[in-house]
Amino acid sequence: MTGFSKVAVYRQELPPRGGFTPIPWARVPSRRIPLWPFVSLWLASNIFGYFYHISEKREYWRNEMELDESRSCIEPVLLAEQDRIVLRQYRANRDEEAKLMSDVPGWEVGTWFGSKVFKSRTYFPDRPHVLDYYGLARPSNQRLDINAGQWQV
Amino acid sequence: MSFTKDTKLPSYEDLECPVVNVSSPALRAGSFHLAKYCDLQFKEFMLCRQEEQDPRKCVKEGKDVSLCAIDFFRKVRDTCNDTFTTFWTCLDNASEGEMGFHYCKKEQHAFEQCAKDKMNLERPEPGYFSMVRMHDTKRPVPSDPFRAGSLERHPPKLEVPNPPTLSQANEYPEARIGMKFGSRKPWVFEAKLWD
């Protein structure tokens, strides 16, 4: 027993004094909130909304009817003015065409070298046609009325 | 562009008429009372338009319509101008440019009250103008059955002649083929459709 080596100094990892703290192993139920408030609110809004929606629909269609009726009431005024404007334009177009095509041989005004658009002598178009109205207009004037289809009264 | 010298277009003097110088929200604002005030002229014009199907034949009725509308708006301007102006400016400022009446109920009530008091014009109930309205008129029935719009009032009196024989093929070339208007419907009779 000679030559004891030096003992290395070490520190053991031991549990703390008094032991470890207890590990929580019991079940922890999750937080819960009651369902009945939400369900009752949803049901109430459904029931209330059903009747409200029906009354709103009635009111909506009442307003729509009013708009349609106002348009029907206005229609004769606009139609009369439109007729006059259109007839004036037809006359102006016819005169202009006579002036333009006066030097073209074989051209009769309103026909395609003799063959007419309207074969009957008593027919007149009820509604104005784009070509009849804008036929002799320059493109810059034609473009003025692009939005005419969107006009509403 | 498709009218020859034979077609009778009314002259510029015939078409002279004062313009209803009223903007669209004002037109919409006064529409119901206007239709009540000018009921006769409107109905005559629309009847003429539907029966004759020809704008040239309804120029006089159209002038009556325009003059009556101008008269109405002049009357409104003389008596109920304030309420009418607030009403149609409110309609003009309605959201989305729709000019819906439900945005301006108060002004509408004010204008209706004024119209009832001062102009003695009561606006008909809301569903009135959607219903079919009858019109008693002295207008003569148009004689052209092929251009009639409504067939109930005057059933067309067609004197149906015999169809053309082959010997008349020079005059009525359809006799050769026996088909008119393409093959949509067979040729049934030649009733002088084009005179």
# chains A, B, ... in the order shown; residues from 1 in each chain; ligands from 1
>>> interface_residues(of="chain A", to="chain B", cutoff="9 Å", atoms="only C-alpha atoms", output="mmCIF file with C-alpha atoms, in the first residue's frame")
data_model
loop_
_atom_site.group_PDB
_atom_site.id
_atom_site.type_symbol
_atom_site.label_atom_id
_atom_site.label_comp_id
_atom_site.auth_asym_id
_atom_site.auth_seq_id
_atom_site.Cartn_x
_atom_site.Cartn_y
_atom_site.Cartn_z
ATOM 1 C CA ARG A 62 -91.844 48.016 -53.308
ATOM 2 C CA ASN A 63 -89.001 50.397 -54.026
ATOM 3 C CA GLU A 64 -88.108 48.574 -57.221
ATOM 4 C CA MET A 65 -91.719 48.782 -58.379
ATOM 5 C CA GLU A 66 -91.695 52.485 -57.727
ATOM 6 C CA LEU A 67 -88.613 52.955 -59.870
ATOM 7 C CA ASP A 68 -90.115 50.935 -62.697
ATOM 8 C CA GLU A 69 -93.361 52.862 -62.514
ATOM 9 C CA SER A 70 -91.579 56.177 -62.663
ATOM 10 C CA ARG A 71 -89.790 55.000 -65.783
ATOM 11 C CA SER A 72 -93.082 53.973 -67.352
ATOM 12 C CA CYS A 73 -94.546 57.370 -66.546
ATOM 13 C CA ILE A 74 -91.645 59.177 -68.183
ATOM 14 C CA GLU A 75 -91.622 56.989 -71.271
ATOM 15 C CA PRO A 76 -94.031 58.985 -73.481
ATOM 16 C CA VAL A 77 -92.140 62.255 -72.991
ATOM 17 C CA LEU A 78 -88.844 60.732 -73.980
ATOM 18 C CA LEU A 79 -90.334 58.701 -76.806
ATOM 19 C CA ALA A 80 -91.966 61.762 -78.364
ATOM 20 C CA GLU A 81 -88.745 63.733 -78.233
ATOM 21 C CA ASP A 83 -89.103 60.370 -82.468
ATOM 22 C CA ARG A 84 -88.744 63.988 -83.442
ATOM 23 C CA ILE A 85 -84.973 63.953 -83.159
ATOM 24 C CA LEU A 87 -87.007 61.973 -87.906
ATOM 25 C CA ARG A 88 -85.055 65.204 -88.162
ATOM 26 C CA TYR A 90 -83.276 60.952 -91.096
ATOM 27 C CA ARG A 91 -84.208 63.941 -93.169
ATOM 28 C CA ASN A 93 -79.110 62.228 -93.629
ATOM 29 C CA ARG A 94 -81.175 61.860 -96.760
ATOM 30 C CA GLU A 97 -76.601 61.596 -98.976
ATOM 31 C CA GLU A 108 -80.429 56.526 -105.988
ATOM 32 C CA VAL A 109 -80.646 57.973 -102.546
ATOM 33 C CA GLY A 110 -81.526 55.356 -99.949
ATOM 34 C CA THR A 111 -80.779 52.389 -102.175
ATOM 35 C CA TRP A 112 -77.806 50.277 -102.988
ATOM 36 C CA LYS A 116 -84.053 49.267 -101.746
ATOM 37 C CA VAL A 117 -83.736 48.344 -98.103
ATOM 38 C CA PHE A 118 -87.471 48.527 -97.459
ATOM 39 C CA LYS A 119 -89.326 46.939 -100.322
ATOM 40 C CA SER A 120 -92.742 48.081 -99.221
ATOM 41 C CA ARG A 121 -93.702 51.616 -99.912
ATOM 42 C CA THR A 122 -95.846 51.878 -96.779
ATOM 43 C CA TYR A 123 -93.382 50.524 -94.214
ATOM 44 C CA PHE A 124 -91.497 52.766 -91.847
ATOM 45 C CA PRO A 125 -89.273 51.429 -89.057
ATOM 46 C CA ASP A 126 -90.722 51.787 -85.631
ATOM 47 C CA ARG A 127 -87.459 51.921 -83.750
ATOM 48 C CA LEU A 131 -76.988 52.884 -89.290
ATOM 49 C CA ASP A 132 -79.938 55.058 -90.188
ATOM 50 C CA TYR A 133 -79.114 57.549 -87.474
ATOM 51 C CA TYR A 134 -75.330 57.490 -87.422
ATOM 52 C CA GLY A 135 -74.737 56.408 -90.979
ATOM 53 C CA LEU A 136 -73.259 59.646 -92.187
ATOM 54 C CA GLN A 152 -81.403 55.846 -67.339
ATOM 55 C CA VAL A 153 -84.192 58.031 -66.125
#
>>> select_by_dssp(residues="chain A", states="alpha helix (DSSP H)", output="PyMOL selection string")
chain A and resi 36-100+130-134+139-142
>>> atom_distance(atom1="atom CA of B:Lys116", atom2="atom CA of B:Arg133")
22.8 Å
>>> select_by_dssp(residues="stretch 29-135 of chain A", states="strand (DSSP E)", output="ChimeraX atom specification")
/A:111-112,115-116
>>> write_last_selection(atoms="C-alpha atoms", output="compact mmCIF listing (two decimals), in the first residue's frame")
# COMPACT_ATOMS: atom_id res chain seq x y z
CA THR A 111 -80.78 52.39 -102.18
CA TRP A 112 -77.81 50.28 -102.99
CA SER A 115 -82.15 47.89 -104.70
CA LYS A 116 -84.05 49.27 -101.75
>>> closest_residue(among="B:Val76, B:Val141, B:Cys90, B:Met134", to="B:Met119", atoms="only C-alpha atoms")
B:Val76
